[in-house]
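Visitor: Shown below is the structure under consideration.
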Amino acid sequence: MTSVEILYVGGPTSLITLGGVRLLTDPTFDAPGEYDLGSRTLVKKTGPAVRASDLAPVDAVLLSHDQHPDNLDTTGRTFLESAPVVLSTASAYDRIGAPVRALPSWEHTEVGGVRVTAVPALHGPKGSEPLVGEVTGFVLSGAGLPKVYASGDNADLDVVREIADREGPFDVAVLFAGAARTPVVPDAPLTLTSERAAEAAVILGARHVVPLHFEHWAHFTQDGPTLTKAFAEAGLTDRLHLPEPGETVRL
């Protein structure tokens, strides 16, 4: 079976290379700084380990959502202009237009030899959609290729179960973690906790887990050490691949 390579850029941004096809997740390339969103301020603490110019060209961008700067920042928006296609939500298309293409949940498209299927994501607890907006995840598959799940900012294990039932099991799960919290939804995390990430690995039947979006922003309440601890306590240490910024994980 062909391998998959995941270059960790920082935050939610990675370059997934599968069957020679280069897919970039949630482009964030700005330097550290503050983003004033009215009811809250998001603070970026660390810049990317790889420059946007060093990643081009890509075959597609997998954009989980566009409405939050920790998933699509100013430089990331500029990067979209050079991408042949950006797969995302209908609301992202409404706000950005081309080259964004809306891909509804459970529909798929081909990028090179890779089938990209959109899957649901819930960016917080049930009922938070009007506050946090529309988000999507992705499943990557193809003949002779590992099956990869990229979660986007999903916090809900029932969503994970639905994806596992319809698309699993998976060779690799790229899970956005960090237990993000902001005043928009003050009483619940907006992304997976470390413990839920470990549980998601089991639900998905994932042989390998590569976490993203667990550091580099001040609103994350968990980090790499909590992921390591949670996976160890679940007996899943051998599944966890915790990358350093700029590192390529080969699976």
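Residues are referred to by chain and number: the chain letter is A, B, ... according to the order shown in the structure tokens, the number counts from 1 in that chain, and ligands are numbered separately from 1 in the order shown.
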Using only C-alpha atoms, determine which residues lie at most 8 Å from Gly33 in chain A, disregarding the query and same-chain residues fewer than 3 positions distant; provide the list as a ChimeraX atom specification.

Guide: /A:43-45

Visitor: Take the residues just selected and output them with N, CA and C atoms as a PDB file, in the first residue's frame.

Guide:
ATOM      1  N   VAL A  43      -5.471  34.898  20.111  1.00  0.00           N
ATOM      2  CA  VAL A  43      -4.060  35.248  20.161  1.00  0.00           C
ATOM      3  C   VAL A  43      -3.231  34.100  19.599  1.00  0.00           C
ATOM      4  N   LYS A  44      -2.511  34.394  18.527  1.00  0.00           N
ATOM      5  CA  LYS A  44      -1.599  33.417  17.947  1.00  0.00           C
ATOM      6  C   LYS A  44      -0.227  33.606  18.586  1.00  0.00           C
ATOM      7  N   LYS A  45       0.329  32.516  19.138  1.00  0.00           N
ATOM      8  CA  LYS A  45       1.564  32.606  19.907  1.00  0.00           C
ATOM      9  C   LYS A  45       2.806  32.246  19.097  1.00  0.00           C
TER      10      LYS A  45
END

Visitor: Neighbours of Val116 in chain A within 8 Å (only C-alpha atoms; same-chain residues fewer than 2 positions away dropped), as a list in words?

Guide: His108, Thr109, Glu110, Val111, Val114, Ala118, Phe138, Val139, Leu140 and Ser141 of chain A

Visitor: Among the residues of range 6-227 of chain A, find those DSSP assigns to strand (DSSP E) from the backbone and print them as a PyMOL selection string.

Guide: chain A and resi 6-10+13-18+21-25+33-36+41-44+60-62+86-88+100-102+108-111+114-120+136-141+148-150+172-176+208-212

Visitor: Hey, which of A:Thr46, A:Ala56, A:Asp153, A:Thr13 ends up closest to Glu34 in chain A? Count only C-alpha atoms.

Guide: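 Closest to Glu34 in chain A of all the choices is A:Thr46.
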
Visitor: Leaving out Glu162 in chain A and any residue of its chain fewer than 6 positions from it, which residues lie within 12 Å of it when counting only C-alpha atoms, given as a list in words?

Guide: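 These residues fall inside the cut-off: Ser105, Trp106, Val119, Pro120, Ala121, Asp156, Gly168, Pro169, Ala200, Ile203 and Leu204 of chain A.
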
Visitor: Hey, can you spit out that residue selection with all heavy atoms as a PDB file, in the first residue's frame?

Guide:
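out23.pdb was written with the following content:
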ATOM      1  N   SER A 105     -21.766  17.340   2.907  1.00  0.00           N
ATOM      2  CA  SER A 105     -21.437  16.101   3.612  1.00  0.00           C
ATOM      3  C   SER A 105     -21.904  14.879   2.837  1.00  0.00           C
ATOM      4  O   SER A 105     -23.012  14.850   2.314  1.00  0.00           O
ATOM      5  CB  SER A 105     -22.088  16.094   5.000  1.00  0.00           C
ATOM      6  OG  SER A 105     -21.473  17.054   5.832  1.00  0.00           O
ATOM      7  N   TRP A 106     -21.006  13.899   2.759  1.00  0.00           N
ATOM      8  CA  TRP A 106     -21.170  12.598   2.122  1.00  0.00           C
ATOM      9  C   TRP A 106     -21.067  12.660   0.600  1.00  0.00           C
ATOM     10  O   TRP A 106     -21.141  11.626  -0.043  1.00  0.00           O
ATOM     11  CB  TRP A 106     -22.479  11.900   2.543  1.00  0.00           C
ATOM     12  CG  TRP A 106     -22.665  11.893   4.027  1.00  0.00           C
ATOM     13  CD1 TRP A 106     -23.664  12.488   4.737  1.00  0.00           C
ATOM     14  CD2 TRP A 106     -21.790  11.290   4.987  1.00  0.00           C
ATOM     15  NE1 TRP A 106     -23.481  12.299   6.075  1.00  0.00           N
ATOM     16  CE2 TRP A 106     -22.338  11.563   6.276  1.00  0.00           C
ATOM     17  CE3 TRP A 106     -20.618  10.557   4.913  1.00  0.00           C
ATOM     18  CZ2 TRP A 106     -21.746  11.115   7.450  1.00  0.00           C
ATOM     19  CZ3 TRP A 106     -20.018  10.119   6.085  1.00  0.00           C
ATOM     20  CH2 TRP A 106     -20.589  10.392   7.336  1.00  0.00           C
ATOM     21  N   VAL A 119     -17.330  15.136   5.137  1.00  0.00           N
ATOM     22  CA  VAL A 119     -18.043  14.483   6.237  1.00  0.00           C
ATOM     23  C   VAL A 119     -18.422  15.534   7.279  1.00  0.00           C
ATOM     24  O   VAL A 119     -17.818  16.615   7.333  1.00  0.00           O
ATOM     25  CB  VAL A 119     -17.199  13.357   6.877  1.00  0.00           C
ATOM     26  CG1 VAL A 119     -17.013  12.208   5.895  1.00  0.00           C
ATOM     27  CG2 VAL A 119     -15.852  13.869   7.363  1.00  0.00           C
ATOM     28  N   PRO A 120     -19.404  15.244   8.117  1.00  0.00           N
ATOM     29  CA  PRO A 120     -19.863  16.254   9.081  1.00  0.00           C
ATOM     30  C   PRO A 120     -18.795  16.608  10.114  1.00  0.00           C
ATOM     31  O   PRO A 120     -17.870  15.839  10.391  1.00  0.00           O
ATOM     32  CB  PRO A 120     -21.060  15.568   9.759  1.00  0.00           C
ATOM     33  CG  PRO A 120     -21.457  14.458   8.848  1.00  0.00           C
ATOM     34  CD  PRO A 120     -20.212  14.015   8.161  1.00  0.00           C
ATOM     35  N   ALA A 121     -18.953  17.769  10.697  1.00  0.00           N
ATOM     36  CA  ALA A 121     -18.153  18.215  11.834  1.00  0.00           C
ATOM     37  C   ALA A 121     -19.013  19.162  12.661  1.00  0.00           C
ATOM     38  O   ALA A 121     -19.839  19.894  12.110  1.00  0.00           O
ATOM     39  CB  ALA A 121     -16.872  18.904  11.390  1.00  0.00           C
ATOM     40  N   ASP A 156     -17.411  16.563  18.560  1.00  0.00           N
ATOM     41  CA  ASP A 156     -18.504  15.671  18.934  1.00  0.00           C
ATOM     42  C   ASP A 156     -18.204  14.218  18.566  1.00  0.00           C
ATOM     43  O   ASP A 156     -17.959  13.903  17.395  1.00  0.00           O
ATOM     44  CB  ASP A 156     -19.789  16.131  18.234  1.00  0.00           C
ATOM     45  CG  ASP A 156     -21.005  15.406  18.753  1.00  0.00           C
ATOM     46  OD1 ASP A 156     -21.595  15.871  19.742  1.00  0.00           O
ATOM     47  OD2 ASP A 156     -21.362  14.368  18.169  1.00  0.00           O
ATOM     48  N   GLY A 168     -15.489   4.054   7.889  1.00  0.00           N
ATOM     49  CA  GLY A 168     -14.370   3.380   8.546  1.00  0.00           C
ATOM     50  C   GLY A 168     -14.211   1.937   8.130  1.00  0.00           C
ATOM     51  O   GLY A 168     -15.027   1.407   7.370  1.00  0.00           O
ATOM     52  N   PRO A 169     -13.168   1.281   8.652  1.00  0.00           N
ATOM     53  CA  PRO A 169     -12.124   1.824   9.517  1.00  0.00           C
ATOM     54  C   PRO A 169     -11.091   2.615   8.727  1.00  0.00           C
ATOM     55  O   PRO A 169     -11.074   2.591   7.497  1.00  0.00           O
ATOM     56  CB  PRO A 169     -11.498   0.579  10.143  1.00  0.00           C
ATOM     57  CG  PRO A 169     -11.660  -0.473   9.076  1.00  0.00           C
ATOM     58  CD  PRO A 169     -12.990  -0.175   8.425  1.00  0.00           C
ATOM     59  N   ALA A 200     -11.804   8.764  20.092  1.00  0.00           N
ATOM     60  CA  ALA A 200     -12.090   8.829  18.656  1.00  0.00           C
ATOM     61  C   ALA A 200     -11.218   7.858  17.882  1.00  0.00           C
ATOM     62  O   ALA A 200     -11.673   7.235  16.912  1.00  0.00           O
ATOM     63  CB  ALA A 200     -11.873  10.253  18.146  1.00  0.00           C
ATOM     64  N   ILE A 203     -12.900   4.526  18.139  1.00  0.00           N
ATOM     65  CA  ILE A 203     -14.147   4.501  17.363  1.00  0.00           C
ATOM     66  C   ILE A 203     -13.848   4.366  15.874  1.00  0.00           C
ATOM     67  O   ILE A 203     -14.515   3.607  15.150  1.00  0.00           O
ATOM     68  CB  ILE A 203     -14.962   5.780  17.634  1.00  0.00           C
ATOM     69  CG1 ILE A 203     -15.443   5.819  19.091  1.00  0.00           C
ATOM     70  CG2 ILE A 203     -16.166   5.860  16.680  1.00  0.00           C
ATOM     71  CD1 ILE A 203     -16.017   7.158  19.504  1.00  0.00           C
ATOM     72  N   LEU A 204     -12.845   5.086  15.420  1.00  0.00           N
ATOM     73  CA  LEU A 204     -12.509   5.107  13.997  1.00  0.00           C
ATOM     74  C   LEU A 204     -11.749   3.866  13.546  1.00  0.00           C
ATOM     75  O   LEU A 204     -11.604   3.627  12.339  1.00  0.00           O
ATOM     76  CB  LEU A 204     -11.661   6.347  13.684  1.00  0.00           C
ATOM     77  CG  LEU A 204     -12.350   7.699  13.859  1.00  0.00           C
ATOM     78  CD1 LEU A 204     -11.305   8.810  13.946  1.00  0.00           C
ATOM     79  CD2 LEU A 204     -13.329   7.967  12.713  1.00  0.00           C
TER      80      LEU A 204
END

Visitor: Which residues, written as a PyMOL selection string, have at least one atom at most 6 Å from range 99-101 of chain A, with only C-alpha atoms counted and residues fewer than 6 positions away on the same chain left out?

Guide: chain A and resi 85-87+93

Visitor: Selected residues, C-alpha atoms, written as an mmCIF file, in the first residue's frame, please.

Guide:
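Result written to result_2.cif:
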data_model
loop_
_atom_site.group_PDB
_atom_site.id
_atom_site.type_symbol
_atom_site.label_atom_id
_atom_site.label_comp_id
_atom_site.auth_asym_id
_atom_site.auth_seq_id
_atom_site.Cartn_x
_atom_site.Cartn_y
_atom_site.Cartn_z
ATOM 1 C CA VAL A 85 -9.504 24.232 -5.968
ATOM 2 C CA VAL A 86 -10.520 24.816 -2.352
ATOM 3 C CA LEU A 87 -12.970 22.255 -0.974
ATOM 4 C CA TYR A 93 -18.271 29.538 -0.872
#

Visitor: Which residues, written as an NGL selection string, have at least one atom at most 10 Å from Asp70 in chain A, with only C-alpha atoms counted and residues fewer than 5 positions away on the same chain left out?

Guide: :A and (11-13 or 26-30 or 35 or 42-44 or 65 or 213 or 216-217 or 219)

Visitor: Those residues you just picked out, can you put them in a file as a PDB file, in the first residue's frame with N, CA and C atoms?

Guide:
ATOM      1  N   GLY A  11      -0.384  24.811  13.989  1.00  0.00           N
ATOM      2  CA  GLY A  11      -1.824  24.979  14.170  1.00  0.00           C
ATOM      3  C   GLY A  11      -2.590  23.905  13.420  1.00  0.00           C
ATOM      4  N   PRO A  12      -3.588  24.297  12.588  1.00  0.00           N
ATOM      5  CA  PRO A  12      -4.390  23.323  11.854  1.00  0.00           C
ATOM      6  C   PRO A  12      -3.813  23.008  10.473  1.00  0.00           C
ATOM      7  N   THR A  13      -2.627  23.565  10.186  1.00  0.00           N
ATOM      8  CA  THR A  13      -2.106  23.536   8.824  1.00  0.00           C
ATOM      9  C   THR A  13      -1.127  22.391   8.636  1.00  0.00           C
ATOM     10  N   ASP A  26      -6.437  23.712   6.112  1.00  0.00           N
ATOM     11  CA  ASP A  26      -6.634  24.991   6.808  1.00  0.00           C
ATOM     12  C   ASP A  26      -5.400  25.899   6.810  1.00  0.00           C
ATOM     13  N   PRO A  27      -5.191  26.694   5.765  1.00  0.00           N
ATOM     14  CA  PRO A  27      -3.969  27.488   5.644  1.00  0.00           C
ATOM     15  C   PRO A  27      -3.874  28.621   6.663  1.00  0.00           C
ATOM     16  N   THR A  28      -2.859  28.574   7.519  1.00  0.00           N
ATOM     17  CA  THR A  28      -2.570  29.654   8.468  1.00  0.00           C
ATOM     18  C   THR A  28      -1.064  29.919   8.429  1.00  0.00           C
ATOM     19  N   PHE A  29      -0.680  31.084   7.926  1.00  0.00           N
ATOM     20  CA  PHE A  29       0.729  31.397   7.737  1.00  0.00           C
ATOM     21  C   PHE A  29       1.135  32.736   8.341  1.00  0.00           C
ATOM     22  N   ASP A  30       0.243  33.400   9.059  1.00  0.00           N
ATOM     23  CA  ASP A  30       0.577  34.696   9.644  1.00  0.00           C
ATOM     24  C   ASP A  30       1.583  34.545  10.786  1.00  0.00           C
ATOM     25  N   TYR A  35      -6.125  38.736  16.980  1.00  0.00           N
ATOM     26  CA  TYR A  35      -7.251  38.889  16.056  1.00  0.00           C
ATOM     27  C   TYR A  35      -8.465  39.290  16.881  1.00  0.00           C
ATOM     28  N   LEU A  42      -8.595  36.357  19.635  1.00  0.00           N
ATOM     29  CA  LEU A  42      -7.784  35.155  19.490  1.00  0.00           C
ATOM     30  C   LEU A  42      -6.328  35.564  19.366  1.00  0.00           C
ATOM     31  N   VAL A  43      -5.471  34.898  20.111  1.00  0.00           N
ATOM     32  CA  VAL A  43      -4.060  35.248  20.161  1.00  0.00           C
ATOM     33  C   VAL A  43      -3.231  34.100  19.599  1.00  0.00           C
ATOM     34  N   LYS A  44      -2.511  34.394  18.527  1.00  0.00           N
ATOM     35  CA  LYS A  44      -1.599  33.417  17.947  1.00  0.00           C
ATOM     36  C   LYS A  44      -0.227  33.606  18.586  1.00  0.00           C
ATOM     37  N   HIS A  65     -13.253  25.337   7.534  1.00  0.00           N
ATOM     38  CA  HIS A  65     -14.146  26.489   7.605  1.00  0.00           C
ATOM     39  C   HIS A  65     -13.309  27.750   7.465  1.00  0.00           C
ATOM     40  N   HIS A 213      -3.673  21.198  15.406  1.00  0.00           N
ATOM     41  CA  HIS A 213      -4.443  22.265  16.058  1.00  0.00           C
ATOM     42  C   HIS A 213      -4.578  22.050  17.561  1.00  0.00           C
ATOM     43  N   HIS A 216      -0.110  26.529  19.667  1.00  0.00           N
ATOM     44  CA  HIS A 216       0.190  27.757  18.915  1.00  0.00           C
ATOM     45  C   HIS A 216      -0.882  28.827  19.034  1.00  0.00           C
ATOM     46  N   TRP A 217      -1.986  28.558  19.743  1.00  0.00           N
ATOM     47  CA  TRP A 217      -3.014  29.580  19.977  1.00  0.00           C
ATOM     48  C   TRP A 217      -3.376  29.578  21.458  1.00  0.00           C
ATOM     49  N   HIS A 219      -6.140  30.111  23.006  1.00  0.00           N
ATOM     50  CA  HIS A 219      -7.438  29.597  23.460  1.00  0.00           C
ATOM     51  C   HIS A 219      -7.491  28.072  23.542  1.00  0.00           C
TER      52      HIS A 219
END

Visitor: How close does each residue of range 22-124 of chain A get to range 228-248 of chain A, giving the shortest atom pair and distance in Å to one decimal for every residue with an atom at most 8 Å away, counting only C-alpha atoms, sorted by chain and residue number, as CSV?

Guide:
residue,atom,partner,partner_atom,distance
A:Pro48,CA,A:Pro245,CA,7.6
A:Ala49,CA,A:Gly246,CA,5.0
A:Val50,CA,A:Gly246,CA,6.2

Visitor: Dump N, CA and C atoms for the selected residues as an mmCIF file, in the first residue's frame?

Guide:
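Saved result, result_38.cif, follows:
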data_model
loop_
_atom_site.group_PDB
_atom_site.id
_atom_site.type_symbol
_atom_site.label_atom_id
_atom_site.label_comp_id
_atom_site.auth_asym_id
_atom_site.auth_seq_id
_atom_site.Cartn_x
_atom_site.Cartn_y
_atom_site.Cartn_z
ATOM 1 N N PRO A 48 4.234 29.905 11.640
ATOM 2 C CA PRO A 48 4.355 28.613 10.968
ATOM 3 C C PRO A 48 5.811 28.166 10.874
ATOM 4 N N ALA A 49 6.017 26.860 10.848
ATOM 5 C CA ALA A 49 7.361 26.305 10.704
ATOM 6 C C ALA A 49 7.796 26.251 9.254
ATOM 7 N N VAL A 50 6.834 26.390 8.335
ATOM 8 C CA VAL A 50 7.112 26.334 6.902
ATOM 9 C C VAL A 50 6.394 27.507 6.243
#

Visitor: Could you go through range 30-149 of chain A and tell me which residues DSSP, when run on the backbone, assigns to alpha helix (DSSP H), listing them as a PDB file with all heavy atoms, in the first residue's frame?

Guide:
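The result, written out as part_33.pdb:
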ATOM      1  N   THR A  74      -4.965  35.781   7.312  1.00  0.00           N
ATOM      2  CA  THR A  74      -4.806  36.719   6.190  1.00  0.00           C
ATOM      3  C   THR A  74      -3.905  36.147   5.098  1.00  0.00           C
ATOM      4  O   THR A  74      -4.258  36.161   3.913  1.00  0.00           O
ATOM      5  CB  THR A  74      -4.234  38.050   6.701  1.00  0.00           C
ATOM      6  OG1 THR A  74      -5.122  38.587   7.695  1.00  0.00           O
ATOM      7  CG2 THR A  74      -4.097  39.044   5.565  1.00  0.00           C
ATOM      8  N   THR A  75      -2.753  35.626   5.482  1.00  0.00           N
ATOM      9  CA  THR A  75      -1.851  35.031   4.494  1.00  0.00           C
ATOM     10  C   THR A  75      -2.451  33.777   3.897  1.00  0.00           C
ATOM     11  O   THR A  75      -2.256  33.474   2.717  1.00  0.00           O
ATOM     12  CB  THR A  75      -0.489  34.729   5.132  1.00  0.00           C
ATOM     13  OG1 THR A  75      -0.008  35.881   5.830  1.00  0.00           O
ATOM     14  CG2 THR A  75       0.532  34.321   4.082  1.00  0.00           C
ATOM     15  N   GLY A  76      -3.210  33.044   4.697  1.00  0.00           N
ATOM     16  CA  GLY A  76      -3.893  31.863   4.189  1.00  0.00           C
ATOM     17  C   GLY A  76      -4.902  32.205   3.108  1.00  0.00           C
ATOM     18  O   GLY A  76      -5.040  31.491   2.103  1.00  0.00           O
ATOM     19  N   ARG A  77      -5.600  33.321   3.288  1.00  0.00           N
ATOM     20  CA  ARG A  77      -6.564  33.757   2.266  1.00  0.00           C
ATOM     21  C   ARG A  77      -5.852  34.090   0.957  1.00  0.00           C
ATOM     22  O   ARG A  77      -6.354  33.784  -0.131  1.00  0.00           O
ATOM     23  CB  ARG A  77      -7.371  34.950   2.774  1.00  0.00           C
ATOM     24  CG  ARG A  77      -8.355  34.584   3.878  1.00  0.00           C
ATOM     25  CD  ARG A  77      -9.123  35.781   4.394  1.00  0.00           C
ATOM     26  NE  ARG A  77      -9.996  35.372   5.477  1.00  0.00           N
ATOM     27  CZ  ARG A  77     -11.220  34.877   5.321  1.00  0.00           C
ATOM     28  NH1 ARG A  77     -11.730  34.770   4.093  1.00  0.00           N
ATOM     29  NH2 ARG A  77     -11.952  34.507   6.355  1.00  0.00           N
ATOM     30  N   THR A  78      -4.694  34.702   1.068  1.00  0.00           N
ATOM     31  CA  THR A  78      -3.919  34.983  -0.137  1.00  0.00           C
ATOM     32  C   THR A  78      -3.487  33.692  -0.815  1.00  0.00           C
ATOM     33  O   THR A  78      -3.520  33.585  -2.058  1.00  0.00           O
ATOM     34  CB  THR A  78      -2.686  35.834   0.216  1.00  0.00           C
ATOM     35  OG1 THR A  78      -3.122  37.066   0.797  1.00  0.00           O
ATOM     36  CG2 THR A  78      -1.849  36.120  -1.017  1.00  0.00           C
ATOM     37  N   PHE A  79      -3.120  32.689  -0.018  1.00  0.00           N
ATOM     38  CA  PHE A  79      -2.712  31.398  -0.568  1.00  0.00           C
ATOM     39  C   PHE A  79      -3.842  30.761  -1.377  1.00  0.00           C
ATOM     40  O   PHE A  79      -3.604  30.117  -2.404  1.00  0.00           O
ATOM     41  CB  PHE A  79      -2.275  30.459   0.564  1.00  0.00           C
ATOM     42  CG  PHE A  79      -1.674  29.169   0.085  1.00  0.00           C
ATOM     43  CD1 PHE A  79      -0.308  29.051  -0.111  1.00  0.00           C
ATOM     44  CD2 PHE A  79      -2.472  28.058  -0.163  1.00  0.00           C
ATOM     45  CE1 PHE A  79       0.252  27.862  -0.555  1.00  0.00           C
ATOM     46  CE2 PHE A  79      -1.930  26.874  -0.614  1.00  0.00           C
ATOM     47  CZ  PHE A  79      -0.560  26.774  -0.807  1.00  0.00           C
ATOM     48  N   LEU A  80      -5.081  30.938  -0.915  1.00  0.00           N
ATOM     49  CA  LEU A  80      -6.215  30.344  -1.617  1.00  0.00           C
ATOM     50  C   LEU A  80      -6.295  30.814  -3.064  1.00  0.00           C
ATOM     51  O   LEU A  80      -6.747  30.063  -3.946  1.00  0.00           O
ATOM     52  CB  LEU A  80      -7.536  30.686  -0.921  1.00  0.00           C
ATOM     53  CG  LEU A  80      -7.764  30.174   0.499  1.00  0.00           C
ATOM     54  CD1 LEU A  80      -9.206  30.472   0.920  1.00  0.00           C
ATOM     55  CD2 LEU A  80      -7.462  28.704   0.640  1.00  0.00           C
ATOM     56  N   ALA A  90     -20.617  25.217   2.101  1.00  0.00           N
ATOM     57  CA  ALA A  90     -21.425  26.124   1.273  1.00  0.00           C
ATOM     58  C   ALA A  90     -21.307  27.556   1.769  1.00  0.00           C
ATOM     59  O   ALA A  90     -21.255  28.503   0.962  1.00  0.00           O
ATOM     60  CB  ALA A  90     -22.881  25.669   1.288  1.00  0.00           C
ATOM     61  N   SER A  91     -21.239  27.757   3.084  1.00  0.00           N
ATOM     62  CA  SER A  91     -21.132  29.112   3.600  1.00  0.00           C
ATOM     63  C   SER A  91     -19.773  29.725   3.275  1.00  0.00           C
ATOM     64  O   SER A  91     -19.669  30.934   3.059  1.00  0.00           O
ATOM     65  CB  SER A  91     -21.403  29.141   5.105  1.00  0.00           C
ATOM     66  OG  SER A  91     -20.572  28.239   5.801  1.00  0.00           O
ATOM     67  N   ALA A  92     -18.719  28.903   3.229  1.00  0.00           N
ATOM     68  CA  ALA A  92     -17.412  29.414   2.817  1.00  0.00           C
ATOM     69  C   ALA A  92     -17.460  29.875   1.370  1.00  0.00           C
ATOM     70  O   ALA A  92     -16.894  30.922   1.020  1.00  0.00           O
ATOM     71  CB  ALA A  92     -16.333  28.349   3.004  1.00  0.00           C
ATOM     72  N   TYR A  93     -18.135  29.119   0.524  1.00  0.00           N
ATOM     73  CA  TYR A  93     -18.271  29.538  -0.872  1.00  0.00           C
ATOM     74  C   TYR A  93     -19.037  30.855  -0.965  1.00  0.00           C
ATOM     75  O   TYR A  93     -18.673  31.748  -1.728  1.00  0.00           O
ATOM     76  CB  TYR A  93     -18.976  28.469  -1.699  1.00  0.00           C
ATOM     77  CG  TYR A  93     -19.281  28.958  -3.101  1.00  0.00           C
ATOM     78  CD1 TYR A  93     -18.280  29.019  -4.066  1.00  0.00           C
ATOM     79  CD2 TYR A  93     -20.560  29.414  -3.434  1.00  0.00           C
ATOM     80  CE1 TYR A  93     -18.542  29.508  -5.337  1.00  0.00           C
ATOM     81  CE2 TYR A  93     -20.831  29.899  -4.708  1.00  0.00           C
ATOM     82  CZ  TYR A  93     -19.818  29.944  -5.650  1.00  0.00           C
ATOM     83  OH  TYR A  93     -20.072  30.443  -6.905  1.00  0.00           O
ATOM     84  N   ASP A  94     -20.098  30.991  -0.171  1.00  0.00           N
ATOM     85  CA  ASP A  94     -20.892  32.219  -0.202  1.00  0.00           C
ATOM     86  C   ASP A  94     -20.047  33.435   0.180  1.00  0.00           C
ATOM     87  O   ASP A  94     -20.225  34.530  -0.378  1.00  0.00           O
ATOM     88  CB  ASP A  94     -22.082  32.105   0.750  1.00  0.00           C
ATOM     89  CG  ASP A  94     -23.135  31.131   0.256  1.00  0.00           C
ATOM     90  OD1 ASP A  94     -23.133  30.807  -0.945  1.00  0.00           O
ATOM     91  OD2 ASP A  94     -23.955  30.681   1.084  1.00  0.00           O
ATOM     92  N   ARG A  95     -19.118  33.256   1.110  1.00  0.00           N
ATOM     93  CA  ARG A  95     -18.322  34.386   1.586  1.00  0.00           C
ATOM     94  C   ARG A  95     -17.101  34.660   0.704  1.00  0.00           C
ATOM     95  O   ARG A  95     -16.686  35.811   0.551  1.00  0.00           O
ATOM     96  CB  ARG A  95     -17.880  34.135   3.028  1.00  0.00           C
ATOM     97  CG  ARG A  95     -18.983  34.317   4.065  1.00  0.00           C
ATOM     98  CD  ARG A  95     -18.452  34.167   5.483  1.00  0.00           C
ATOM     99  NE  ARG A  95     -18.141  32.775   5.797  1.00  0.00           N
ATOM    100  CZ  ARG A  95     -18.935  31.967   6.503  1.00  0.00           C
ATOM    101  NH1 ARG A  95     -20.107  32.403   6.940  1.00  0.00           N
ATOM    102  NH2 ARG A  95     -18.581  30.732   6.758  1.00  0.00           N
ATOM    103  N   ILE A  96     -16.514  33.609   0.134  1.00  0.00           N
ATOM    104  CA  ILE A  96     -15.246  33.760  -0.580  1.00  0.00           C
ATOM    105  C   ILE A  96     -15.423  33.679  -2.091  1.00  0.00           C
ATOM    106  O   ILE A  96     -14.792  34.424  -2.842  1.00  0.00           O
ATOM    107  CB  ILE A  96     -14.237  32.681  -0.117  1.00  0.00           C
ATOM    108  CG1 ILE A  96     -13.926  32.850   1.370  1.00  0.00           C
ATOM    109  CG2 ILE A  96     -12.961  32.736  -0.937  1.00  0.00           C
ATOM    110  CD1 ILE A  96     -13.066  31.748   1.944  1.00  0.00           C
ATOM    111  N   GLU A 129     -24.180  25.299  16.615  1.00  0.00           N
ATOM    112  CA  GLU A 129     -23.974  25.665  15.207  1.00  0.00           C
ATOM    113  C   GLU A 129     -24.286  27.136  14.902  1.00  0.00           C
ATOM    114  O   GLU A 129     -23.518  27.792  14.184  1.00  0.00           O
ATOM    115  CB  GLU A 129     -24.790  24.760  14.283  1.00  0.00           C
ATOM    116  CG  GLU A 129     -24.410  23.299  14.341  1.00  0.00           C
ATOM    117  CD  GLU A 129     -25.295  22.501  15.283  1.00  0.00           C
ATOM    118  OE1 GLU A 129     -25.652  23.033  16.361  1.00  0.00           O
ATOM    119  OE2 GLU A 129     -25.636  21.361  14.944  1.00  0.00           O
ATOM    120  N   PRO A 130     -25.402  27.701  15.413  1.00  0.00           N
ATOM    121  CA  PRO A 130     -25.663  29.115  15.098  1.00  0.00           C
ATOM    122  C   PRO A 130     -24.597  30.066  15.631  1.00  0.00           C
ATOM    123  O   PRO A 130     -24.438  31.173  15.107  1.00  0.00           O
ATOM    124  CB  PRO A 130     -27.019  29.378  15.779  1.00  0.00           C
ATOM    125  CG  PRO A 130     -27.656  28.032  15.896  1.00  0.00           C
ATOM    126  CD  PRO A 130     -26.527  27.090  16.166  1.00  0.00           C
ATOM    127  N   LEU A 131     -23.854  29.638  16.654  1.00  0.00           N
ATOM    128  CA  LEU A 131     -22.826  30.483  17.247  1.00  0.00           C
ATOM    129  C   LEU A 131     -21.469  30.312  16.566  1.00  0.00           C
ATOM    130  O   LEU A 131     -20.729  31.277  16.397  1.00  0.00           O
ATOM    131  CB  LEU A 131     -22.677  30.162  18.740  1.00  0.00           C
ATOM    132  CG  LEU A 131     -23.918  30.398  19.599  1.00  0.00           C
ATOM    133  CD1 LEU A 131     -23.686  29.873  21.004  1.00  0.00           C
ATOM    134  CD2 LEU A 131     -24.250  31.888  19.642  1.00  0.00           C
ATOM    135  N   VAL A 132     -21.142  29.079  16.184  1.00  0.00           N
ATOM    136  CA  VAL A 132     -19.797  28.807  15.668  1.00  0.00           C
ATOM    137  C   VAL A 132     -19.752  28.675  14.152  1.00  0.00           C
ATOM    138  O   VAL A 132     -18.692  28.781  13.545  1.00  0.00           O
ATOM    139  CB  VAL A 132     -19.211  27.528  16.314  1.00  0.00           C
ATOM    140  CG1 VAL A 132     -19.072  27.711  17.813  1.00  0.00           C
ATOM    141  CG2 VAL A 132     -20.067  26.300  16.003  1.00  0.00           C
TER     142      VAL A 132
END

Visitor: Quick one: distance from CA of Leu103 in chain A to CA of Thr89 in chain A in Å, one decimal?

Guide: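 Taking CA of Leu103 in chain A as the start and CA of Thr89 in chain A as the end point, the length is 6.1 Å.
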
Visitor: Rounded to one decimal place, report the CA of Ala143 in chain A-CA of Thr17 in chain A distance in Å.

Guide: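 According to the coordinates, CA of Ala143 in chain A and CA of Thr17 in chain A are separated by 15.0 Å.
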
Visitor: Quick check, in Å to one decimal: how far apart do CA of Pro125 in chain A and CA of Gly152 in chain A lie?

Guide: 14.7 Å
